[in-house]
Structure formats: structure tokens, C-alpha cells
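coords35.txt, holding compact mmCIF, C-alpha atoms:
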```txt
# COMPACT_ATOMS: atom_id res chain seq x y z
CA MET A 1 -29.30 -15.57 -2.12
CA TYR A 2 -30.11 -11.84 -2.12
CA LYS A 3 -33.33 -12.35 -4.13
CA PHE A 4 -34.27 -15.30 -1.96
CA ARG A 5 -33.98 -13.19 1.18
CA ILE A 6 -36.17 -10.45 -0.24
CA PHE A 7 -38.64 -13.11 -1.44
CA ASN A 8 -38.63 -14.66 2.01
CA MET A 9 -39.06 -11.23 3.56
CA LYS A 10 -42.10 -10.49 1.40
CA TRP A 11 -43.67 -13.86 2.13
CA GLN A 12 -43.28 -13.41 5.86
CA LEU A 13 -45.17 -10.14 5.69
CA LEU A 14 -47.74 -11.67 3.36
CA ASN A 15 -48.30 -14.53 5.82
CA TYR A 16 -49.62 -12.10 8.39
CA PHE A 17 -52.14 -10.77 5.90
CA ILE A 18 -53.16 -14.33 5.01
CA ILE A 19 -53.64 -15.22 8.68
CA SER A 20 -55.69 -12.11 9.26
CA GLY A 21 -57.79 -12.84 6.16
CA LEU A 22 -58.35 -16.48 7.13
CA LEU A 23 -59.49 -15.51 10.61
CA THR A 24 -61.91 -12.98 9.15
CA VAL A 25 -63.32 -15.42 6.57
CA SER A 26 -63.61 -18.19 9.19
CA SER A 27 -65.44 -15.90 11.54
CA MET A 28 -67.85 -14.85 8.82
CA TYR A 29 -68.47 -18.49 7.83
CA ILE A 30 -69.23 -19.49 11.43
CA VAL A 31 -71.61 -16.59 11.82
CA LEU A 32 -73.46 -17.35 8.58
CA GLU A 33 -73.75 -21.05 9.42
CA HIS A 34 -74.76 -20.85 13.07
CA TYR A 35 -75.89 -17.31 13.81
CA ARG A 36 -77.63 -16.22 10.61
CA GLU A 37 -80.88 -15.35 12.38
CA LYS A 38 -79.01 -13.05 14.80
CA LEU A 39 -77.67 -10.87 12.03
CA ASP A 40 -80.98 -8.97 12.13
CA TYR A 41 -80.03 -7.54 15.52
CA TRP A 42 -77.79 -4.47 15.39
CA GLU A 43 -76.18 -5.35 18.75
CA PHE A 44 -74.93 -8.65 17.31
CA ARG A 45 -73.62 -6.98 14.17
CA MET A 46 -71.83 -4.38 16.27
CA TRP A 47 -70.11 -7.00 18.45
CA LEU A 48 -69.19 -9.00 15.35
CA VAL A 49 -67.46 -5.97 13.82
CA ILE A 50 -65.68 -5.24 17.11
CA ILE A 51 -64.42 -8.83 17.39
CA LEU A 52 -63.19 -8.94 13.80
CA PHE A 53 -61.52 -5.56 14.17
CA THR A 54 -59.83 -6.69 17.40
CA VAL A 55 -58.54 -9.88 15.79
CA CYS A 56 -57.07 -7.91 12.90
CA LEU A 57 -55.43 -5.48 15.33
CA ILE A 58 -53.88 -8.33 17.31
CA VAL A 59 -52.41 -9.94 14.19
CA GLY A 60 -51.16 -6.57 12.95
CA TYR A 61 -49.65 -5.78 16.35
CA PHE A 62 -47.59 -8.97 16.46
CA ALA A 63 -46.47 -8.43 12.87
CA THR A 64 -45.40 -4.82 13.36
CA ARG A 65 -43.78 -5.55 16.73
CA ARG A 66 -41.54 -8.19 15.18
CA TRP A 67 -40.51 -5.93 12.31
CA GLN A 68 -40.15 -2.82 14.46
CA ARG A 69 -37.79 -4.70 16.77
CA LYS A 70 -35.59 -5.54 13.80
CA VAL A 71 -35.60 -1.93 12.62
CA ASP A 72 -34.80 -0.73 16.15
CA GLU A 73 -31.77 -3.03 16.31
CA LEU A 74 -30.47 -1.52 13.11
CA HIS A 75 -31.20 2.01 14.36
CA VAL A 76 -29.37 1.45 17.65
CA ALA A 77 -26.34 0.03 15.85
CA MET A 78 -26.28 3.05 13.52
CA LEU A 79 -26.42 5.41 16.49
CA GLU A 80 -23.52 3.59 18.15
CA LEU A 81 -21.51 3.88 14.95
CA SER A 82 -22.28 7.60 14.66
CA LYS A 83 -21.12 8.13 18.27
CA GLY A 84 -17.71 6.66 17.52
CA ASN A 85 -18.28 3.06 18.60
CA PHE A 86 -16.77 1.57 15.46
CA SER A 87 -16.83 -1.92 16.93
CA ALA A 88 -20.66 -1.97 16.99
CA ARG A 89 -22.09 -5.00 15.21
CA ILE A 90 -25.53 -6.60 14.92
CA GLU A 91 -25.93 -10.19 15.99
CA MET A 92 -27.63 -12.22 13.29
CA GLU A 93 -29.77 -15.33 13.56
CA PRO A 94 -29.45 -18.17 11.03
CA ILE A 95 -32.97 -17.50 9.75
CA GLU A 96 -33.36 -13.75 9.63
CA PRO A 97 -35.54 -11.72 7.20
CA PHE A 98 -33.25 -8.72 7.78
CA LEU A 99 -30.15 -10.83 7.27
CA TYR A 100 -29.00 -9.03 4.12
CA LEU A 101 -29.45 -5.61 5.78
CA TYR A 102 -27.63 -6.66 8.94
CA ASP A 103 -24.84 -8.27 6.96
CA ALA A 104 -24.42 -5.12 4.84
CA PHE A 105 -24.31 -2.96 7.96
CA ASN A 106 -21.73 -5.18 9.67
CA ASN A 107 -19.53 -5.11 6.57
CA MET A 108 -19.86 -1.33 6.34
CA ALA A 109 -19.03 -0.90 10.05
CA ALA A 110 -15.97 -3.14 9.69
CA GLN A 111 -14.76 -1.10 6.73
CA VAL A 112 -15.35 2.19 8.54
CA GLU A 113 -13.50 0.90 11.60
CA GLU A 114 -10.57 -0.28 9.51
CA ARG A 115 -10.34 2.98 7.55
CA VAL A 116 -10.65 5.24 10.59
CA HIS A 117 -8.00 3.16 12.33
CA LEU A 118 -5.79 3.42 9.28
CA LEU A 119 -6.42 7.17 9.17
CA GLN A 120 -5.40 7.43 12.79
CA LYS A 121 -2.23 5.41 12.20
CA LEU A 122 -1.33 7.57 9.21
CA GLY A 123 -2.04 10.69 11.25
CA GLU A 124 0.15 9.42 14.06
CA ALA A 125 2.97 8.66 11.64
CA GLU A 126 2.61 12.09 10.03
CA ALA A 127 2.49 13.82 13.40
CA ILE A 128 5.61 12.00 14.61
CA ARG A 129 7.39 12.75 11.34
CA ASP A 130 6.44 16.42 11.47
CA GLN A 131 7.43 16.56 15.11
CA GLU A 132 10.86 15.10 14.38
CA LEU A 133 11.40 17.56 11.52
CA THR A 134 10.34 20.67 13.41
CA GLU A 135 11.01 19.92 17.06
CA ASN A 136 14.75 20.64 17.04
CA ALA A 137 14.36 23.83 15.00
CA VAL A 138 11.49 25.09 17.15
CA MET A 139 13.25 24.29 20.42
CA GLU A 140 16.47 25.92 19.30
CA GLU A 141 14.62 29.00 18.10
CA ARG A 142 12.79 29.30 21.40
CA ARG A 143 16.03 28.98 23.33
CA ARG A 144 17.62 31.64 21.13
CA LEU A 145 14.69 33.99 21.62
CA ALA A 146 14.77 33.37 25.37
CA ARG A 147 18.48 34.21 25.49
CA ASP A 148 18.04 37.34 23.36
CA LEU A 149 15.14 38.59 25.46
CA HIS A 150 17.02 37.83 28.62
CA ASP A 151 20.06 39.78 27.47
CA THR A 152 17.95 42.69 26.19
CA VAL A 153 15.86 43.05 29.32
CA SER A 154 18.88 42.56 31.53
CA GLN A 155 20.64 45.42 29.74
CA GLU A 156 17.56 47.55 30.21
CA LEU A 157 17.55 46.76 33.89
CA PHE A 158 21.23 47.58 34.07
CA ALA A 159 20.55 50.95 32.45
CA ILE A 160 17.79 51.62 34.95
CA HIS A 161 20.13 50.66 37.76
CA MET A 162 22.80 53.02 36.45
CA SER A 163 20.28 55.84 36.26
CA ALA A 164 19.23 55.13 39.81
CA SER A 165 22.87 55.21 40.87
CA ALA A 166 23.07 58.73 39.49
CA LEU A 167 20.41 59.89 41.88
CA PRO A 168 22.95 61.23 44.46
CA LYS A 169 24.09 63.80 41.91
CA VAL A 170 20.47 64.73 41.20
CA LEU A 171 20.00 65.17 44.92
CA GLU A 172 22.87 67.64 45.00
CA ARG A 173 21.65 69.69 42.03
CA ASN A 174 17.84 69.37 42.28
CA PRO A 175 16.75 67.66 45.49
CA GLY A 176 13.06 68.16 44.76
CA ALA A 177 13.11 66.05 41.58
CA ALA A 178 14.97 63.13 43.11
CA PRO A 179 12.07 61.39 44.95
CA GLY A 180 9.84 61.30 41.86
CA MET A 181 12.69 60.05 39.71
CA MET A 182 13.51 57.36 42.24
CA ASP A 183 9.94 56.08 42.41
CA GLN A 184 9.70 56.05 38.64
CA LEU A 185 12.91 54.10 38.24
CA ILE A 186 11.91 51.59 40.88
CA GLN A 187 8.56 51.01 39.19
CA MET A 188 10.26 50.61 35.83
CA SER A 189 12.70 48.08 37.23
CA HIS A 190 9.94 46.01 38.81
CA HIS A 191 7.92 46.11 35.60
CA ALA A 192 10.91 45.08 33.49
CA GLN A 193 11.73 42.20 35.79
CA LYS A 194 8.13 40.99 35.80
CA GLN A 195 7.99 41.24 32.02
CA MET A 196 11.23 39.34 31.68
CA ARG A 197 10.03 36.50 33.89
CA GLY A 198 6.76 36.26 31.97
CA LEU A 199 8.42 36.21 28.55
CA ILE A 200 11.02 33.67 29.54
CA SER A 201 8.33 31.47 31.07
CA GLN A 202 6.22 31.60 27.91
CA LEU A 203 9.17 30.94 25.62
CA ARG A 204 10.59 28.11 27.68
CA PRO A 205 10.08 24.95 25.57
CA ILE A 206 7.72 22.30 26.90
CA GLU A 207 8.80 18.78 26.05
CA LEU A 208 6.93 15.50 26.37
CA LYS A 209 9.92 13.40 25.43
CA ASP A 210 10.78 12.09 28.87
CA SER A 211 7.37 12.40 30.55
CA SER A 212 3.77 11.43 29.95
CA LEU A 213 1.04 13.90 29.06
CA GLN A 214 -0.32 13.80 32.59
CA GLU A 215 3.11 14.48 34.15
CA ALA A 216 3.76 17.38 31.77
CA LEU A 217 0.36 18.92 32.44
CA GLU A 218 0.77 18.64 36.20
CA LYS A 219 3.88 20.81 35.89
CA TRP A 220 2.85 23.16 33.10
CA PHE A 221 -0.86 23.79 33.70
CA PRO A 222 -0.65 25.29 37.23
CA GLU A 223 2.24 27.53 36.19
CA TYR A 224 0.35 28.69 33.11
CA CYS A 225 -2.74 29.51 35.20
CA ARG A 226 -0.70 31.45 37.76
CA THR A 227 1.06 33.45 35.05
CA HIS A 228 -2.26 34.49 33.50
CA GLU A 229 -4.16 34.88 36.80
CA LEU A 230 -6.56 31.98 36.21
CA GLN A 231 -8.00 29.51 38.69
CA GLY A 232 -7.33 26.18 37.05
CA GLN A 233 -8.72 22.70 37.69
CA LEU A 234 -6.92 19.73 36.18
CA GLU A 235 -8.46 16.25 35.99
CA VAL A 236 -6.59 13.58 34.05
CA SER A 237 -7.74 9.96 34.10
CA LEU A 238 -5.82 7.82 31.63
CA PRO A 239 -5.38 4.31 33.06
CA GLU A 240 -3.73 3.02 29.91
CA THR A 241 -0.75 4.43 28.05
CA ILE A 242 -1.80 6.27 24.90
CA SER A 243 0.33 6.72 21.81
CA GLU A 244 2.96 9.45 21.59
CA ALA A 245 1.20 11.05 18.61
CA ILE A 246 -2.12 11.38 20.48
CA GLU A 247 -0.34 12.84 23.52
CA HIS A 248 1.48 15.32 21.34
CA GLN A 249 -1.66 16.43 19.49
CA PHE A 250 -3.61 16.67 22.74
CA PHE A 251 -0.92 18.90 24.23
CA LEU A 252 -0.87 21.18 21.18
CA ILE A 253 -4.68 21.42 21.25
CA ILE A 254 -4.55 22.27 24.97
CA GLN A 255 -2.03 25.04 24.34
CA GLU A 256 -4.15 26.45 21.52
CA GLY A 257 -7.36 26.22 23.55
CA LEU A 258 -5.91 27.87 26.66
CA ALA A 259 -4.34 30.61 24.52
CA ASN A 260 -7.82 31.36 23.18
CA VAL A 261 -9.16 31.46 26.73
CA VAL A 262 -6.52 34.02 27.76
CA LYS A 263 -6.91 36.16 24.64
CA HIS A 264 -10.66 36.19 24.10
CA ALA A 265 -12.66 34.69 26.98
CA SER A 266 -11.93 37.14 29.85
CA ALA A 267 -12.34 34.14 32.10
CA LYS A 268 -11.47 33.70 35.76
CA GLU A 269 -11.69 29.92 35.93
CA VAL A 270 -10.75 27.19 33.49
CA ARG A 271 -11.18 23.44 33.82
CA LEU A 272 -9.10 20.94 31.87
CA THR A 273 -10.32 17.33 31.79
CA ILE A 274 -8.89 14.31 29.99
CA PHE A 275 -10.36 10.83 30.38
CA GLU A 276 -10.64 7.52 28.61
CA GLY A 277 -14.09 6.44 27.53
CA GLU A 278 -15.19 3.04 26.35
CA HIS A 279 -14.38 3.77 22.73
CA GLN A 280 -12.71 7.21 22.76
CA TYR A 281 -10.18 9.47 24.43
CA VAL A 282 -11.89 12.70 25.44
CA LEU A 283 -10.29 16.09 26.09
CA GLN A 284 -12.41 18.94 27.44
CA ILE A 285 -11.54 22.60 28.11
CA GLN A 286 -14.24 24.62 29.85
CA ASP A 287 -14.12 28.24 31.02
CA ASP A 288 -16.49 30.70 32.70
CA GLY A 289 -15.73 33.52 30.30
CA GLN A 290 -17.94 35.74 28.21
CA GLY A 291 -18.67 33.12 25.54
CA PHE A 292 -19.45 33.90 21.92
CA GLU A 293 -21.76 33.27 19.01
CA ARG A 294 -20.46 31.41 15.97
CA ARG A 295 -21.31 34.30 13.68
CA ASP A 296 -19.11 36.57 15.82
CA ILE A 297 -15.93 34.55 15.19
CA PRO A 298 -13.57 36.59 12.99
CA SER A 299 -12.82 34.98 9.64
CA ALA A 300 -9.09 35.52 10.26
CA SER A 301 -9.17 33.49 13.48
CA HIS A 302 -7.46 30.14 12.90
CA GLY A 303 -7.36 28.82 16.48
CA LEU A 304 -10.51 26.70 16.31
CA SER A 305 -9.77 25.43 12.80
CA THR A 306 -6.25 24.45 13.89
CA MET A 307 -7.65 22.37 16.74
CA ARG A 308 -10.08 20.65 14.36
CA GLU A 309 -7.29 19.84 11.91
CA ARG A 310 -5.15 18.33 14.66
CA ALA A 311 -8.05 16.13 15.84
CA GLN A 312 -9.00 15.09 12.30
CA LYS A 313 -5.46 13.88 11.69
CA LEU A 314 -6.17 11.12 14.20
CA GLY A 315 -9.72 10.40 13.02
CA GLY A 316 -11.28 12.51 15.77
CA GLU A 317 -13.58 15.49 15.99
CA VAL A 318 -13.95 18.76 17.90
CA THR A 319 -17.26 20.13 19.19
CA ILE A 320 -17.62 23.63 20.62
CA ASP A 321 -20.49 24.72 22.85
CA SER A 322 -20.63 28.39 23.72
CA LYS A 323 -23.21 30.95 24.71
CA VAL A 324 -22.76 34.64 25.35
CA GLY A 325 -22.35 35.15 29.09
CA SER A 326 -22.16 31.41 29.89
CA GLY A 327 -18.60 30.48 28.95
CA THR A 328 -17.27 28.02 26.40
CA ARG A 329 -16.70 24.27 26.33
CA ILE A 330 -14.38 22.63 23.81
CA ARG A 331 -14.58 18.83 23.58
CA VAL A 332 -12.15 16.73 21.54
CA ARG A 333 -12.84 13.04 20.86
CA ILE A 334 -10.20 10.69 19.47
CA PRO A 335 -11.20 7.06 18.65
CA LYS A 336 -9.57 4.38 20.76
CA PHE A 337 -8.57 1.05 19.28
CA SER A 338 -7.59 -2.04 21.22
CA SER A 339 -4.29 -3.80 20.61
CA ALA A 340 -6.17 -6.68 18.94
CA GLN A 341 -7.84 -4.27 16.53
CA ALA A 342 -4.50 -2.62 15.80
CA GLN A 343 -2.87 -5.95 15.01
CA SER A 344 -5.83 -6.95 12.82
CA SER A 345 -5.68 -3.69 10.89
CA GLN A 346 -1.93 -3.95 10.48
CA GLY A 347 -2.22 -7.54 9.27
CA GLY A 348 -4.89 -6.52 6.74
CA ASN A 349 -2.69 -3.73 5.44
CA ASN A 350 0.26 -6.10 5.06
CA GLU A 351 -1.87 -8.43 2.98
```

For the file at hand, write its structure as C-alpha cells.
Amino acid sequence: MYKFRIFNMKWQLLNYFIISGLLTVSSMYIVLEHYREKLDYWEFRMWLVIILFTVCLIVGYFATRRWQRKVDELHVAMLELSKGNFSARIEMEPIEPFLYLYDAFNNMAAQVEERVHLLQKLGEAEAIRDQELTENAVMEERRRLARDLHDTVSQELFAIHMSASALPKVLERNPGAAPGMMDQLIQMSHHAQKQMRGLISQLRPIELKDSSLQEALEKWFPEYCRTHELQGQLEVSLPETISEAIEHQFFLIIQEGLANVVKHASAKEVRLTIFEGEHQYVLQIQDDGQGFERRDIPSASHGLSTMRERAQKLGGEVTIDSKVGSGTRIRVRIPKFSSAQAQSSQGGNNE
């Protein structure tokens, strides 16, 4: 069948050459039989050449248009596949010279879709397993650190308060030093209290167990922006429920991305967007900070690589667009599979 298709493909192309040749020979025969005496005129010869050339162009145009259309269909399908539309397929006609190419592409796309879906399912299972193993330990450690910091700072504040209470004695012995000491102690107490609130807020564990990603972000994101003096914009559009693993990885990527904004971007505004595309879930973090060049990223910086690893666990990818003085945009794309595709993949794995 494979050889027959190639043979058929060659003959179809050869037919166009045969048609073009027959038209040329027929035209020459008609001219020699009926217009031989006019061949002495250069105007007639010129028009004859023009007509024959035009006929050959017309035949070649229809031949190349048919074949170019077939190549364009394959090219468009390949572009869709490269953009993450793993369900892209080429419709085939019963009699199709490109049938073997289209069939090979459709088989390849089906295999890629199945394997990426399987990769995502394995990544979700691994993420959930890792989350179950580490969540309790991490949460308990954060609570312990929060309690320790609270007790330490509270004792410091108590010491400051005790020192301030001793000010009456300082007033009796050295009245001139008392006002400066009082102002200093008051400033220290305010600073310690502010530091305590900030540390406890940062160490407070954020859980997605009893809430969706959107609900958690609506509570956490504004508070995070206020703590770090950022103007934040949050846009979440997820009409369908996404898996727990994707929500968890998205939230970890958001935390990592916003931490990079606070540490390195010197930004005033940050915009967080999550939406559901036709074939993907898309997360985007954009700031108006100082931006950077890729060659300026320190080799010891693991923030961007960590985000890529988290996305790759679910078959996704991370793209970063940044320019010095124009801010940075981080876009994360995770493939989306329908329930029918999930059941089909699961059934294939069971077999």
C-alpha cells in the first residue's frame, strides 16, 4: 500500500507534465498544418510562443496549487501541534496522494497526545504524593517557627517596655537624656512590632485543602501585595474545576514568581492572570520592574529553573519575556485534556 501511494503520487504529478506536453504538441501540429505560411512572420511566432508559455503556466499553476494546498494543511496541523493543540488532526479523503503522510502525522499526534497526557497524570500523581509526604512536616515547621519568632519578638518588646518603664528614674538622675531615650525606645518598639507582624504573616501556612485556587488567591494575593508595598491586579477566569495537582503547582509557581518580583524587580505594580484557553491553562505574572537580560541571571539563581521544573512535571512549559527597563512577563502553559481524552488514555494504559 505504501509503494502504491508513492507510485500514485508520482503518476499524478507526471500527468500534469503529460497534459502540458500534449497541449504543446497539439498546438504545434495545428500551426504546422494550418498556419505554416504564417511562421515567416515574427509577430505570429511571438504570439505562438506567448500562447504556449501561457498554457504551460496555467497547467503548472493548477498542479502546484493542488499540491501546495496539501502541504499547507500539513504545515497548519504541525503548527497547531507545536502550540499545544495535541488534538489537532488532518482530515483525509478516500483518494488522497498525501494519504500516507497525513496518516503518519495523525498517528504521531495521537501518540504525542497520549504520552503528554500520561506525563501529566504521572506528574499529578507525583505532585500529590510529594505534597502528602511534605505538607504536614512543612506546615508544622512553619507553625513552630511562627511560635518561636512570636515568643522571641514578644520578649524583646517586653524588654523595651521595661526599659521605657525605667525612664522615671532616668528623669530624676539625668533629665536631659530622657527625651532622646524615650523616642529611641518608642521607635524600637514600633519597628519590632512591624517586623513581628511581617514575619508571622510570611510564615503563616497557606493551604489549598479546603478552598480552590481562585479563593486562596483572592485572600492571599492582596495581603501579599500590601505587605510588600505592591499594587496588585488579580484576574482569574477558570470556568471549569482543574485538578488538585495543577492548582498546587500553579500556587507554588505564583509564590516563586512573586518572590522574584519582590527580591529582584524593584517593581511597583504586578499583574497576576490565570485563564483557561481552548487547549491549555495559562498563568501569567507581569511586573513593571527593571527587567533583565538572560546573560545577567546569576548561575546560582534557581527560581526560574524551579518554575520550569514544576511546569514540566505536568507536561507544560514556561516562557519568560524581559527587557531592561520594561519589566518582566512570565507565562506558564499547562495542557488541558477533556474528560473523554482522560478516560481514553486511562483505558489504553489499562490495556

> Quick one, how far is CA of Lys121 in chain A from CA of Leu304 in chain A?
Replying inline: 23.2 Å

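You can rank A:Asn174, A:Val116, A:Thr319, A:Ile58 by their closest distance to Phe17 in chain A using only C-alpha atoms, and at the top of that list sits A:Ile58.
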
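Using only C-alpha atoms for every distance, the candidate list A:Val262, A:Ser27, A:Ser243, A:Pro179 yields A:Val262 as the residue closest to Thr227 in chain A.
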
Range 58-71 of chain A: axis-aligned bounding box, 8 Å on each side, centre and edge lengths in Å, one decimal, as JSON:
```
{"center_x": -44.7, "center_y": -5.9, "center_z": 14.8, "size_x": 34.3, "size_y": 24.0, "size_z": 21.0}
```

Within 8 Å of range 76-93 of chain A using only C-alpha atoms, minus same-chain residues under 5 positions, as an mmCIF file with C-alpha atoms, in the frame of the given file:
```
data_model
loop_
_atom_site.group_PDB
_atom_site.id
_atom_site.type_symbol
_atom_site.label_atom_id
_atom_site.label_comp_id
_atom_site.auth_asym_id
_atom_site.auth_seq_id
_atom_site.Cartn_x
_atom_site.Cartn_y
_atom_site.Cartn_z
ATOM 1 C CA LEU A 99 -30.150 -10.830 7.270
ATOM 2 C CA TYR A 102 -27.630 -6.660 8.940
ATOM 3 C CA ASP A 103 -24.840 -8.270 6.960
ATOM 4 C CA PHE A 105 -24.310 -2.960 7.960
ATOM 5 C CA ASN A 106 -21.730 -5.180 9.670
ATOM 6 C CA ALA A 109 -19.030 -0.900 10.050
ATOM 7 C CA ALA A 110 -15.970 -3.140 9.690
ATOM 8 C CA VAL A 112 -15.350 2.190 8.540
ATOM 9 C CA GLU A 113 -13.500 0.900 11.600
ATOM 10 C CA HIS A 279 -14.380 3.770 22.730
ATOM 11 C CA GLN A 280 -12.710 7.210 22.760
ATOM 12 C CA PRO A 335 -11.200 7.060 18.650
#
```

>> Report as a ChimeraX atom specification all protein, DNA and RNA residues lying within 8 Å of range 273-275 of chain A, evaluated on all atoms listed in the file, omitting residues in the same chain fewer than 3 positions from it.
In response: /A:234-238,281-285

> Could you state the separation of CA of Gly60 in chain A and CA of Lys38 in chain A in Å, given to one decimal place?
Replying inline: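 Spanning CA of Gly60 in chain A to CA of Lys38 in chain A is a straight-line distance of 28.7 Å.
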
> Any idea what's packed within 9 Å of Ile186 in chain A, counting all atoms listed in the file, ignoring anything in its chain fewer than 3 positions away? Could you give it as a ChimeraX atom specification?
Replying inline: /A:160-161,164,181-183,189-191
